[in-house]
>>> print(open('data-v7.pdb').read())   # PDB, C-alpha atoms (C1' of nucleotides)
MODEL        1
ATOM      1  CA  MET K  22     116.935 104.153  61.333
ATOM      2  CA  LYS K  23     119.496 103.124  63.903
ATOM      3  CA  LYS K  24     122.289 102.121  61.568
ATOM      4  CA  GLN K  25     122.540 105.502  59.935
ATOM      5  CA  GLU K  26     122.847 107.301  63.222
ATOM      6  CA  ARG K  27     125.502 104.915  64.438
ATOM      7  CA  GLN K  28     127.507 105.369  61.290
ATOM      8  CA  ARG K  29     127.367 109.118  61.756
ATOM      9  CA  TYR K  30     128.853 108.646  65.204
ATOM     10  CA  ILE K  31     131.511 106.390  63.766
ATOM     11  CA  LYS K  32     132.416 109.054  61.235
ATOM     12  CA  ARG K  33     132.721 111.606  64.010
ATOM     13  CA  LEU K  34     134.874 109.296  66.094
ATOM     14  CA  LEU K  35     137.304 108.964  63.215
ATOM     15  CA  SER K  36     138.340 112.573  63.565
ATOM     16  CA  SER K  37     138.768 112.843  67.281
ATOM     17  CA  ASN K  38     140.382 109.576  68.252
ATOM     18  CA  GLU K  39     143.126 107.286  67.134
ATOM     19  CA  ILE K  40     141.096 104.159  66.793
ATOM     20  CA  GLU K  41     143.190 101.043  66.534
ATOM     21  CA  ARG K  42     140.704  98.243  66.891
ATOM     22  CA  GLN K  43     137.058  97.672  66.196
ATOM     23  CA  GLU K  44     136.576  97.071  69.884
ATOM     24  CA  ASP K  45     137.613 100.689  70.415
ATOM     25  CA  PHE K  46     134.592 101.755  68.411
ATOM     26  CA  VAL K  47     132.442  99.507  70.552
ATOM     27  CA  ARG K  48     133.829 101.051  73.719
ATOM     28  CA  LEU K  49     133.513 104.649  72.524
ATOM     29  CA  LEU K  50     130.013 104.141  71.186
ATOM     30  CA  ARG K  51     128.924 102.616  74.463
ATOM     31  CA  ALA K  52     130.146 105.770  76.145
ATOM     32  CA  GLU K  53     127.584 107.545  73.981
ATOM     33  CA  ASP K  54     124.891 105.052  74.966
ATOM     34  CA  ILE K  55     124.955 103.283  71.630
ATOM     35  CA  ASP K  56     125.122  99.596  72.276
ATOM     36  CA  VAL K  57     126.850  97.566  69.591
ATOM     37  CA  THR K  58     129.042  94.559  69.174
ATOM     38  CA  GLN K  59     132.227  94.116  67.200
ATOM     39  CA  ALA K  60     130.318  92.194  64.528
ATOM     40  CA  THR K  61     128.193  95.209  63.740
ATOM     41  CA  ILE K  62     131.208  97.488  63.642
ATOM     42  CA  SER K  63     132.880  95.135  61.198
ATOM     43  CA  ARG K  64     129.851  95.394  58.934
ATOM     44  CA  ASP K  65     129.719  99.171  59.299
ATOM     45  CA  ILE K  66     133.364  99.416  58.354
ATOM     46  CA  LYS K  67     132.718  97.401  55.243
ATOM     47  CA  ASP K  68     129.673  99.553  54.437
ATOM     48  CA  MET K  69     131.564 102.789  54.903
ATOM     49  CA  GLN K  70     134.689 101.424  53.245
ATOM     50  CA  LEU K  71     136.871 102.510  56.110
ATOM     51  CA  VAL K  72     140.411 101.219  56.060
ATOM     52  CA  LYS K  73     142.855 100.171  58.734
ATOM     53  CA  VAL K  74     145.995 102.132  58.025
ATOM     54  CA  PRO K  75     149.430 101.178  59.328
ATOM     55  CA  SER K  76     150.531 104.470  60.887
ATOM     56  CA  VAL K  77     154.028 105.805  60.617
ATOM     57  CA  THR K  78     154.326 105.649  64.385
ATOM     58  CA  GLY K  79     154.099 101.880  64.398
ATOM     59  CA  GLY K  80     150.489 101.132  65.166
ATOM     60  CA  TYR K  81     147.331 100.966  63.139
ATOM     61  CA  HIS K  82     144.285 103.173  62.953
ATOM     62  CA  TYR K  83     141.047 103.354  61.078
ATOM     63  CA  SER K  84     140.630 106.044  58.487
ATOM     64  CA  MET K  85     138.154 107.305  55.924
ATOM     65  CA  PRO K  86     137.939 105.704  52.495
ATOM     66  CA  VAL K  87     140.684 106.601  50.048
ATOM     67  CA  GLN K  88     138.454 107.973  47.335
ATOM     68  CA  LYS K  89     136.501 110.216  49.627
ATOM     69  CA  LYS K  90     139.694 111.538  51.128
ATOM     70  CA  MET K  91     140.989 112.420  47.684
ATOM     71  CA  ASP K  92     137.749 114.098  46.704
ATOM     72  CA  THR K  93     137.692 116.123  49.885
ATOM     73  CA  GLU K  94     141.261 117.221  49.406
ATOM     74  CA  LYS K  95     140.484 118.400  45.909
ATOM     75  CA  LYS K  96     137.616 120.514  47.148
ATOM     76  CA  LEU K  97     139.770 121.836  49.945
ATOM     77  CA  ARG K  98     142.550 122.801  47.586
ATOM     78  CA  ARG K  99     140.143 124.521  45.250
ATOM     79  CA  THR K 100     138.428 126.404  48.058
ATOM     80  CA  LEU K 101     141.744 127.467  49.508
ATOM     81  CA  LYS K 102     142.943 128.732  46.152
ATOM     82  CA  ASP K 103     139.702 130.520  45.409
ATOM     83  CA  ALA K 104     139.095 132.135  48.754
ATOM     84  CA  TYR K 105     142.448 132.502  50.478
ATOM     85  CA  VAL K 106     143.436 135.978  51.657
ATOM     86  CA  SER K 107     146.092 135.573  54.341
ATOM     87  CA  TYR K 108     147.068 133.577  57.354
ATOM     88  CA  ALA K 109     148.755 133.939  60.710
ATOM     89  CA  THR K 110     149.978 131.559  63.371
ATOM     90  CA  GLN K 111     150.324 131.823  67.110
ATOM     91  CA  ASP K 112     150.913 129.005  69.566
ATOM     92  CA  LYS K 113     148.658 126.150  68.566
ATOM     93  CA  PHE K 114     146.485 128.355  66.397
ATOM     94  CA  VAL K 115     146.311 128.934  62.694
ATOM     95  CA  LEU K 116     144.082 131.769  61.610
ATOM     96  CA  ILE K 117     143.128 131.921  57.965
ATOM     97  CA  LYS K 118     141.468 134.952  56.429
ATOM     98  CA  VAL K 119     139.292 134.193  53.446
ATOM     99  CA  LEU K 120     136.930 136.043  51.145
ATOM    100  CA  PRO K 121     133.624 136.805  52.862
ATOM    101  CA  GLY K 122     131.243 133.876  52.948
ATOM    102  CA  ASN K 123     133.903 131.187  52.579
ATOM    103  CA  GLY K 124     134.803 130.617  56.229
ATOM    104  CA  PRO K 125     132.268 127.937  57.076
ATOM    105  CA  ALA K 126     132.881 125.948  53.892
ATOM    106  CA  LEU K 127     136.624 125.964  54.403
ATOM    107  CA  ALA K 128     136.305 125.016  58.048
ATOM    108  CA  SER K 129     134.050 122.095  57.307
ATOM    109  CA  LEU K 130     136.354 120.833  54.568
ATOM    110  CA  ILE K 131     139.273 120.911  56.965
ATOM    111  CA  GLU K 132     137.198 119.001  59.477
ATOM    112  CA  ALA K 133     136.198 116.493  56.836
ATOM    113  CA  MET K 134     139.849 115.740  56.159
ATOM    114  CA  HIS K 135     140.129 114.364  59.675
ATOM    115  CA  TYR K 136     143.700 115.564  59.956
ATOM    116  CA  ASP K 137     145.016 113.830  63.005
ATOM    117  CA  ASN K 138     146.980 116.853  64.154
ATOM    118  CA  VAL K 139     143.922 119.079  64.311
ATOM    119  CA  PHE K 140     142.130 119.479  67.603
ATOM    120  CA  GLY K 141     139.321 121.590  66.258
ATOM    121  CA  THR K 142     138.185 123.988  63.569
ATOM    122  CA  LEU K 143     135.925 126.992  63.606
ATOM    123  CA  GLY K 144     134.736 129.107  60.702
ATOM    124  CA  ASP K 145     132.893 132.376  60.645
ATOM    125  CA  ASP K 146     132.099 134.428  57.573
ATOM    126  CA  ASP K 147     135.628 135.360  56.545
ATOM    127  CA  THR K 148     137.906 133.692  59.084
ATOM    128  CA  VAL K 149     138.842 130.142  59.926
ATOM    129  CA  LEU K 150     140.508 129.258  63.187
ATOM    130  CA  ILE K 151     142.269 125.940  63.424
ATOM    131  CA  ILE K 152     143.501 124.649  66.738
ATOM    132  CA  GLY K 153     146.311 122.126  66.566
ATOM    133  CA  LYS K 154     146.822 119.298  69.005
ATOM    134  CA  SER K 155     150.346 120.493  69.805
ATOM    135  CA  LEU K 156     152.901 123.005  68.617
ATOM    136  CA  ASP K 157     154.498 120.455  66.341
ATOM    137  CA  ALA K 158     151.149 119.369  65.052
ATOM    138  CA  THR K 159     150.341 122.971  64.239
ATOM    139  CA  LEU K 160     153.568 123.380  62.311
ATOM    140  CA  ASP K 161     152.826 120.244  60.330
ATOM    141  CA  LEU K 162     149.369 121.473  59.592
ATOM    142  CA  GLN K 163     150.685 124.812  58.431
ATOM    143  CA  GLN K 164     152.963 123.043  55.977
ATOM    144  CA  THR K 165     150.121 120.919  54.726
ATOM    145  CA  LEU K 166     148.054 124.009  54.040
ATOM    146  CA  GLN K 167     150.931 125.751  52.281
ATOM    147  CA  ARG K 168     151.464 122.690  50.169
ATOM    148  CA  LEU K 169     147.815 122.722  49.179
ATOM    149  CA  LEU K 170     147.961 126.412  48.343
ATOM    150  CA  SER K 171     151.028 126.096  46.159
ATOM    151  CA  ASP K 172     149.280 123.290  44.298
ATOM    152  CA  ASN K 173     151.629 120.411  43.475
TER     153      ASN K 173
ATOM    154  CA  MET D  11     168.948  92.606  50.361
ATOM    155  CA  LYS D  12     166.044  90.193  50.160
ATOM    156  CA  LYS D  13     163.354  92.271  51.798
ATOM    157  CA  GLN D  14     163.613  95.141  49.352
ATOM    158  CA  GLU D  15     163.279  92.894  46.361
ATOM    159  CA  ARG D  16     160.292  91.132  47.828
ATOM    160  CA  GLN D  17     158.566  94.426  48.528
ATOM    161  CA  ARG D  18     159.140  95.461  44.932
ATOM    162  CA  TYR D  19     157.350  92.311  43.843
ATOM    163  CA  ILE D  20     154.558  93.016  46.263
ATOM    164  CA  LYS D  21     154.158  96.463  44.777
ATOM    165  CA  ARG D  22     153.945  94.993  41.305
ATOM    166  CA  LEU D  23     151.395  92.420  42.409
ATOM    167  CA  LEU D  24     149.134  95.186  43.675
ATOM    168  CA  SER D  25     148.521  96.396  40.145
ATOM    169  CA  SER D  26     147.870  93.162  38.376
ATOM    170  CA  ASN D  27     145.821  91.195  40.856
ATOM    171  CA  GLU D  28     142.900  91.621  43.154
ATOM    172  CA  ILE D  29     144.542  90.474  46.324
ATOM    173  CA  GLU D  30     142.131  89.708  49.105
ATOM    174  CA  ARG D  31     144.223  87.990  51.729
ATOM    175  CA  GLN D  32     147.806  87.974  52.821
ATOM    176  CA  GLU D  33     147.978  84.314  51.884
ATOM    177  CA  ASP D  34     147.329  85.412  48.294
ATOM    178  CA  PHE D  35     150.590  87.309  48.377
ATOM    179  CA  VAL D  36     152.311  84.225  49.710
ATOM    180  CA  ARG D  37     150.894  82.120  46.920
ATOM    181  CA  LEU D  38     151.714  84.597  44.153
ATOM    182  CA  LEU D  39     155.223  85.215  45.426
ATOM    183  CA  ARG D  40     155.895  81.514  45.560
ATOM    184  CA  ALA D  41     154.909  81.352  41.908
ATOM    185  CA  GLU D  42     157.808  83.753  41.373
ATOM    186  CA  ASP D  43     160.102  81.560  43.431
ATOM    187  CA  ILE D  44     160.089  83.893  46.398
ATOM    188  CA  ASP D  45     159.442  81.859  49.494
ATOM    189  CA  VAL D  46     157.681  83.697  52.292
ATOM    190  CA  THR D  47     155.181  83.136  55.036
ATOM    191  CA  GLN D  48     152.109  85.120  56.023
ATOM    192  CA  ALA D  49     154.009  86.577  58.971
ATOM    193  CA  THR D  50     156.498  88.264  56.700
ATOM    194  CA  ILE D  51     153.770  89.595  54.447
ATOM    195  CA  SER D  52     152.041  91.071  57.452
ATOM    196  CA  ARG D  53     155.243  92.902  58.354
ATOM    197  CA  ASP D  54     155.764  94.047  54.780
ATOM    198  CA  ILE D  55     152.262  95.405  54.658
ATOM    199  CA  LYS D  56     152.906  97.383  57.802
ATOM    200  CA  ASP D  57     156.211  98.635  56.386
ATOM    201  CA  MET D  58     154.710  99.703  53.120
ATOM    202  CA  GLN D  59     151.557 100.999  54.777
ATOM    203  CA  LEU D  60     149.311  99.061  52.463
ATOM    204  CA  VAL D  61     145.659  98.992  53.354
ATOM    205  CA  LYS D  62     142.910  96.440  53.048
ATOM    206  CA  VAL D  63     140.085  98.215  51.304
ATOM    207  CA  PRO D  64     136.470  97.084  51.378
ATOM    208  CA  SER D  65     135.605  97.095  47.682
ATOM    209  CA  VAL D  66     132.287  98.217  46.309
ATOM    210  CA  THR D  67     131.715  94.758  44.906
ATOM    211  CA  GLY D  68     131.531  93.228  48.359
ATOM    212  CA  GLY D  69     134.978  91.843  48.992
ATOM    213  CA  TYR D  70     138.252  93.272  50.217
ATOM    214  CA  HIS D  71     141.535  93.933  48.507
ATOM    215  CA  TYR D  72     144.909  95.331  49.388
ATOM    216  CA  SER D  73     145.840  98.698  47.975
ATOM    217  CA  MET D  74     148.596 101.285  48.062
ATOM    218  CA  PRO D  75     148.821 103.796  50.891
ATOM    219  CA  VAL D  76     146.411 106.722  50.749
ATOM    220  CA  GLN D  77     149.040 109.429  50.820
ATOM    221  CA  LYS D  78     151.060 107.953  48.015
ATOM    222  CA  LYS D  79     147.953 107.506  45.948
ATOM    223  CA  MET D  80     147.104 111.166  46.431
ATOM    224  CA  ASP D  81     150.608 112.278  45.536
ATOM    225  CA  THR D  82     150.638 110.166  42.412
ATOM    226  CA  GLU D  83     147.289 111.471  41.338
ATOM    227  CA  LYS D  84     148.498 115.031  41.733
ATOM    228  CA  LYS D  85     151.499 114.362  39.526
ATOM    229  CA  LEU D  86     149.304 112.608  37.024
ATOM    230  CA  ARG D  87     146.879 115.493  36.883
ATOM    231  CA  ARG D  88     149.664 117.985  36.446
ATOM    232  CA  THR D  89     151.364 115.943  33.750
ATOM    233  CA  LEU D  90     148.102 115.473  31.919
ATOM    234  CA  LYS D  91     147.347 119.178  32.037
ATOM    235  CA  ASP D  92     150.848 120.147  30.962
ATOM    236  CA  ALA D  93     151.376 117.667  28.214
ATOM    237  CA  TYR D  94     147.964 116.671  26.889
ATOM    238  CA  VAL D  95     147.326 117.083  23.184
ATOM    239  CA  SER D  96     144.430 114.828  22.232
ATOM    240  CA  TYR D  97     142.951 111.421  22.738
ATOM    241  CA  ALA D  98     141.052 108.745  20.905
ATOM    242  CA  THR D  99     139.310 105.538  21.903
ATOM    243  CA  GLN D 100     138.670 102.289  20.116
ATOM    244  CA  ASP D 101     137.523  99.025  21.629
ATOM    245  CA  LYS D 102     139.474  98.521  24.817
ATOM    246  CA  PHE D 103     142.098 101.075  23.876
ATOM    247  CA  VAL D 104     142.660 104.656  24.872
ATOM    248  CA  LEU D 105     145.320 106.464  22.902
ATOM    249  CA  ILE D 106     146.591 109.719  24.324
ATOM    250  CA  LYS D 107     148.736 112.100  22.318
ATOM    251  CA  VAL D 108     151.048 114.232  24.430
ATOM    252  CA  LEU D 109     153.803 116.732  23.846
ATOM    253  CA  PRO D 110     157.039 115.056  22.741
ATOM    254  CA  GLY D 111     159.007 113.507  25.578
ATOM    255  CA  ASN D 112     156.062 113.139  27.939
ATOM    256  CA  GLY D 113     154.795 109.726  26.910
ATOM    257  CA  PRO D 114     156.883 107.545  29.213
ATOM    258  CA  ALA D 115     156.296 109.733  32.259
ATOM    259  CA  LEU D 116     152.563 109.764  31.750
ATOM    260  CA  ALA D 117     152.453 106.026  31.151
ATOM    261  CA  SER D 118     154.365 105.267  34.292
ATOM    262  CA  LEU D 119     152.152 107.556  36.358
ATOM    263  CA  ILE D 120     149.078 105.787  35.081
ATOM    264  CA  GLU D 121     150.673 102.474  35.964
ATOM    265  CA  ALA D 122     151.557 103.772  39.409
ATOM    266  CA  MET D 123     147.917 104.556  40.070
ATOM    267  CA  HIS D 124     147.159 100.849  39.853
ATOM    268  CA  TYR D 125     143.762 101.526  38.355
ATOM    269  CA  ASP D 126     141.977  98.232  38.576
ATOM    270  CA  ASN D 127     140.320  98.653  35.211
ATOM    271  CA  VAL D 128     143.620  98.985  33.376
ATOM    272  CA  PHE D 129     145.130  95.922  31.809
ATOM    273  CA  GLY D 130     148.334  97.584  30.685
ATOM    274  CA  THR D 131     149.987 100.824  29.673
ATOM    275  CA  LEU D 132     152.606 101.676  27.097
ATOM    276  CA  GLY D 133     154.281 105.018  26.472
ATOM    277  CA  ASP D 134     156.528 106.131  23.672
ATOM    278  CA  ASP D 135     157.840 109.643  23.108
ATOM    279  CA  ASP D 136     154.551 111.400  22.397
ATOM    280  CA  THR D 137     151.892 108.718  22.695
ATOM    281  CA  VAL D 138     150.437 106.664  25.495
ATOM    282  CA  LEU D 139     148.404 103.586  24.856
ATOM    283  CA  ILE D 140     146.214 102.274  27.632
ATOM    284  CA  ILE D 141     144.544  98.916  27.352
ATOM    285  CA  GLY D 142     141.459  98.447  29.476
ATOM    286  CA  LYS D 143     140.370  95.175  30.997
ATOM    287  CA  SER D 144     136.995  95.384  29.287
ATOM    288  CA  LEU D 145     134.885  97.794  27.285
ATOM    289  CA  ASP D 146     133.172  99.062  30.400
ATOM    290  CA  ALA D 147     136.470  99.369  32.190
ATOM    291  CA  THR D 148     137.797 101.422  29.307
ATOM    292  CA  LEU D 149     134.817 103.758  29.464
ATOM    293  CA  ASP D 150     135.315 104.219  33.189
ATOM    294  CA  LEU D 151     138.948 104.926  32.657
ATOM    295  CA  GLN D 152     138.170 107.482  29.993
ATOM    296  CA  GLN D 153     135.908 109.305  32.409
ATOM    297  CA  THR D 154     138.559 109.239  35.069
ATOM    298  CA  LEU D 155     141.046 110.812  32.721
ATOM    299  CA  GLN D 156     138.582 113.470  31.606
ATOM    300  CA  ARG D 157     137.847 114.267  35.218
ATOM    301  CA  LEU D 158     141.544 114.689  35.888
ATOM    302  CA  LEU D 159     141.947 116.919  32.857
ATOM    303  CA  SER D 160     139.071 119.177  33.780
ATOM    304  CA  ASP D 161     140.588 119.555  37.219
ATOM    305  CA  ASN D 162     137.953 119.371  39.982
TER     306      ASN D 162
ATOM    307  C1'  DT H  20     116.842  94.163  56.878
ATOM    308  C1'  DG H  21     119.739  94.507  60.883
ATOM    309  C1'  DT H  22     121.675  92.501  64.823
ATOM    310  C1'  DG H  23     124.345  89.674  68.617
ATOM    311  C1'  DA H  24     126.517  85.386  69.887
ATOM    312  C1'  DA H  25     129.375  82.172  68.423
ATOM    313  C1'  DT H  26     132.587  80.783  65.199
ATOM    314  C1'  DA H  27     135.747  80.737  61.345
ATOM    315  C1'  DT H  28     139.009  83.181  59.016
ATOM    316  C1'  DC H  29     142.565  86.274  58.599
ATOM    317  C1'  DA H  30     146.338  89.239  60.436
ATOM    318  C1'  DA H  31     149.797  90.710  63.928
ATOM    319  C1'  DT H  32     153.029  89.438  67.256
ATOM    320  C1'  DT H  33     156.033  86.542  70.038
ATOM    321  C1'  DC H  34     159.786  83.846  70.362
ATOM    322  C1'  DA H  35     163.649  81.361  68.788
ATOM    323  C1'  DA H  36     166.958  81.107  65.356
ATOM    324  C1'  DC H  37     169.806  83.024  61.977
TER     325       DC H  37
ATOM    326  C1'  DG J   6     168.075  93.449  61.350
ATOM    327  C1'  DT J   7     165.104  89.490  59.181
ATOM    328  C1'  DT J   8     162.555  85.432  59.161
ATOM    329  C1'  DG J   9     159.241  81.146  60.004
ATOM    330  C1'  DA J  10     156.524  78.510  63.189
ATOM    331  C1'  DA J  11     153.396  78.871  66.468
ATOM    332  C1'  DT J  12     150.369  81.656  68.891
ATOM    333  C1'  DT J  13     147.580  85.315  70.037
ATOM    334  C1'  DG J  14     144.729  88.800  68.637
ATOM    335  C1'  DA J  15     141.474  90.970  65.563
ATOM    336  C1'  DT J  16     138.020  90.876  62.097
ATOM    337  C1'  DA J  17     134.589  88.756  58.981
ATOM    338  C1'  DT J  18     130.956  85.652  58.579
ATOM    339  C1'  DT J  19     127.454  82.294  59.831
ATOM    340  C1'  DC J  20     123.415  81.280  61.925
ATOM    341  C1'  DA J  21     119.283  82.237  64.560
ATOM    342  C1'  DC J  22     116.213  85.528  65.443
ATOM    343  C1'  DA J  23     113.878  90.096  65.899
TER     344       DA J  23
ENDMDL
END
>>> encode(input="data-v7.pdb", output="structure tokens")
Amino acid sequence: MKKQERQRYIKRLLSSNEIERQEDFVRLLRAEDIDVTQATISRDIKDMQLVKVPSVTGGYHYSMPVQKKMDTEKKLRRTLKDAYVSYATQDKFVLIKVLPGNGPALASLIEAMHYDNVFGTLGDDDTVLIIGKSLDATLDLQQTLQRLLSDN
Amino acid sequence: MKKQERQRYIKRLLSSNEIERQEDFVRLLRAEDIDVTQATISRDIKDMQLVKVPSVTGGYHYSMPVQKKMDTEKKLRRTLKDAYVSYATQDKFVLIKVLPGNGPALASLIEAMHYDNVFGTLGDDDTVLIIGKSLDATLDLQQTLQRLLSDN
DNA sequence: TGTGAATATCAATTCAAC
DNA sequence: GTTGAATTGATATTCACA
């Protein structure tokens, strides 16, 4: 089916770009040779329950559904608490050591959060490397992770 | 200041009504003798970072910001875990017994979540009474609370 | 059922006024 | 800094069709 595939692309686009308008999706999907119109994107957004969030910086951007975000964060917090060993930072990198076998799961949860200050994530057996979009972004991210670790 | 007061009303309206369009806010605020236009509501929504959520039932409704919802849920979960004693259900009611002093806090957290299946909440020193909008709603709510209690 | 083109509806912004 | 009226801009829906 075509719709499914397109919606997977849309999900991926959510992480990497600040998407302000539905037309942005149209443009970005066309760059991937997926031809759609705004009407279809509107329907996809309804399907996927994406929301248009007023961002602190003044604009708007599309984001994952609230409930899914909360669920993902719960899993992330639990995984962090269960598997966390230590972490270190350097430049735009955060390196998290975890119990063997937990790297990939943790990395994919962090990706699923679509943190907008994360450039990319990489998990091997017992290590997760997170690359921030900037030094500030990396600091923010670090604080987010610490907050998750210390519960609240 | 006028803006602040209006935004307080808007926040309250979020809980009690399924608000689908900005004009709905205008209408409901006018019923409370607060005269505004759609333009102002649009700006308030940006200010408060409210989002228009595609609901499962096919429509759309405005909802609180994701982050705040997550924060509130965390507090609610913690309070529940800390203070929970027992609970009972009858008809559309859920009655939660908590440690003395925790009733009001728990009640206000549940209200802050703006669960759409909750009709109203009432907390005294060691008891919280939640009134569901229907029998089904009350069952759903019960499950939500159990889920929160058992962590996840 | 899923889609695009056209359209209707809804939301954000501009601009003037306060 | 805040607002309403008018406007522009964006999104949801309708309608025809694959």
>>> resolve_selection(input="data-v7.pdb", expression="the PyMOL selection byres ((chain D) within 9 of (chain H))", output="ChimeraX atom specification")
/D:31-33,48-49,52-53
>>> resolve_selection(input="data-v7.pdb", expression="the PyMOL selection byres ((chain J) within 12 of (chain D))", output="list of chain:residue names")
J:DG6, J:DT7, J:DT8, J:DG9, J:DA10, J:DA11, J:DT12, J:DT16, J:DA17
>>> write_last_selection(input="data-v7.pdb", atoms="C-alpha atoms (C1' of nucleotides)", output="compact mmCIF listing (two decimals), in the frame of the given file")
# COMPACT_ATOMS: atom_id res chain seq x y z
C1' DG J 6 168.08 93.45 61.35
C1' DT J 7 165.10 89.49 59.18
C1' DT J 8 162.56 85.43 59.16
C1' DG J 9 159.24 81.15 60.00
C1' DA J 10 156.52 78.51 63.19
C1' DA J 11 153.40 78.87 66.47
C1' DT J 12 150.37 81.66 68.89
C1' DT J 16 138.02 90.88 62.10
C1' DA J 17 134.59 88.76 58.98
>>> interface_residues(input="data-v7.pdb", of="chain K", to="chain D", cutoff="12 Å", atoms="all atoms listed in the file", output="MDAnalysis selection string")
chainID K and resid 63:100 168:169 172:173
>>> write_last_selection(input="data-v7.pdb", atoms="C-alpha atoms", output="PDB file, in the frame of the given file")
ATOM      1  CA  SER K  63     132.880  95.135  61.198  1.00  0.00           C
ATOM      2  CA  ARG K  64     129.851  95.394  58.934  1.00  0.00           C
ATOM      3  CA  ASP K  65     129.719  99.171  59.299  1.00  0.00           C
ATOM      4  CA  ILE K  66     133.364  99.416  58.354  1.00  0.00           C
ATOM      5  CA  LYS K  67     132.718  97.401  55.243  1.00  0.00           C
ATOM      6  CA  ASP K  68     129.673  99.553  54.437  1.00  0.00           C
ATOM      7  CA  MET K  69     131.564 102.789  54.903  1.00  0.00           C
ATOM      8  CA  GLN K  70     134.689 101.424  53.245  1.00  0.00           C
ATOM      9  CA  LEU K  71     136.871 102.510  56.110  1.00  0.00           C
ATOM     10  CA  VAL K  72     140.411 101.219  56.060  1.00  0.00           C
ATOM     11  CA  LYS K  73     142.855 100.171  58.734  1.00  0.00           C
ATOM     12  CA  VAL K  74     145.995 102.132  58.025  1.00  0.00           C
ATOM     13  CA  PRO K  75     149.430 101.178  59.328  1.00  0.00           C
ATOM     14  CA  SER K  76     150.531 104.470  60.887  1.00  0.00           C
ATOM     15  CA  VAL K  77     154.028 105.805  60.617  1.00  0.00           C
ATOM     16  CA  THR K  78     154.326 105.649  64.385  1.00  0.00           C
ATOM     17  CA  GLY K  79     154.099 101.880  64.398  1.00  0.00           C
ATOM     18  CA  GLY K  80     150.489 101.132  65.166  1.00  0.00           C
ATOM     19  CA  TYR K  81     147.331 100.966  63.139  1.00  0.00           C
ATOM     20  CA  HIS K  82     144.285 103.173  62.953  1.00  0.00           C
ATOM     21  CA  TYR K  83     141.047 103.354  61.078  1.00  0.00           C
ATOM     22  CA  SER K  84     140.630 106.044  58.487  1.00  0.00           C
ATOM     23  CA  MET K  85     138.154 107.305  55.924  1.00  0.00           C
ATOM     24  CA  PRO K  86     137.939 105.704  52.495  1.00  0.00           C
ATOM     25  CA  VAL K  87     140.684 106.601  50.048  1.00  0.00           C
ATOM     26  CA  GLN K  88     138.454 107.973  47.335  1.00  0.00           C
ATOM     27  CA  LYS K  89     136.501 110.216  49.627  1.00  0.00           C
ATOM     28  CA  LYS K  90     139.694 111.538  51.128  1.00  0.00           C
ATOM     29  CA  MET K  91     140.989 112.420  47.684  1.00  0.00           C
ATOM     30  CA  ASP K  92     137.749 114.098  46.704  1.00  0.00           C
ATOM     31  CA  THR K  93     137.692 116.123  49.885  1.00  0.00           C
ATOM     32  CA  GLU K  94     141.261 117.221  49.406  1.00  0.00           C
ATOM     33  CA  LYS K  95     140.484 118.400  45.909  1.00  0.00           C
ATOM     34  CA  LYS K  96     137.616 120.514  47.148  1.00  0.00           C
ATOM     35  CA  LEU K  97     139.770 121.836  49.945  1.00  0.00           C
ATOM     36  CA  ARG K  98     142.550 122.801  47.586  1.00  0.00           C
ATOM     37  CA  ARG K  99     140.143 124.521  45.250  1.00  0.00           C
ATOM     38  CA  THR K 100     138.428 126.404  48.058  1.00  0.00           C
ATOM     39  CA  ARG K 168     151.464 122.690  50.169  1.00  0.00           C
ATOM     40  CA  LEU K 169     147.815 122.722  49.179  1.00  0.00           C
ATOM     41  CA  ASP K 172     149.280 123.290  44.298  1.00  0.00           C
ATOM     42  CA  ASN K 173     151.629 120.411  43.475  1.00  0.00           C
TER      43      ASN K 173
END
>>> residues_around(input="data-v7.pdb", residues="K:Leu116", least_positions_apart="4", cutoff="12 Å", atoms="all atoms listed in the file", output="VMD selection string")
chain K and resid 105 to 112 124 127 to 128 142 to 145 147 to 153 159 162 to 163 166
>>> closest_residue(input="data-v7.pdb", among="D:Gln156, D:Arg16, D:Arg22, D:Glu28", to="D:Arg40", atoms="only C-alpha atoms")
D:Arg16
>>> atom_distance(input="data-v7.pdb", atom1="atom CA of D:Asp126", atom2="atom CA of D:Leu38")
17.7 Å
>>> atom_distance(input="data-v7.pdb", atom1="atom CA of D:Asn112", atom2="atom CA of D:Arg18")
24.7 Å
>>> axis_aligned_box(input="data-v7.pdb", around="stretch 49-55 of chain D", padding_each_side="8 Å", output="lines of an AutoDock Vina configuration file")
center_x = 154.3
center_y = 91.0
center_z = 56.7
size_x = 20.5
size_y = 24.8
size_z = 20.5
>>> atom_distance(input="data-v7.pdb", atom1="atom CA of K:Leu34", atom2="atom CA of K:Leu160")
23.7 Å
>>> residues_around(input="data-v7.pdb", residues="D:Asp135", least_positions_apart="5", cutoff="9 Å", atoms="all atoms listed in the file", output="mmCIF file with C-alpha atoms, in the coordinates of the input")
data_model
loop_
_atom_site.group_PDB
_atom_site.id
_atom_site.type_symbol
_atom_site.label_atom_id
_atom_site.label_comp_id
_atom_site.auth_asym_id
_atom_site.auth_seq_id
_atom_site.Cartn_x
_atom_site.Cartn_y
_atom_site.Cartn_z
ATOM 1 C CA VAL D 108 151.048 114.232 24.430
ATOM 2 C CA LEU D 109 153.803 116.732 23.846
ATOM 3 C CA PRO D 110 157.039 115.056 22.741
ATOM 4 C CA GLY D 111 159.007 113.507 25.578
ATOM 5 C CA ASN D 112 156.062 113.139 27.939
ATOM 6 C CA GLY D 113 154.795 109.726 26.910
ATOM 7 C CA PRO D 114 156.883 107.545 29.213
#
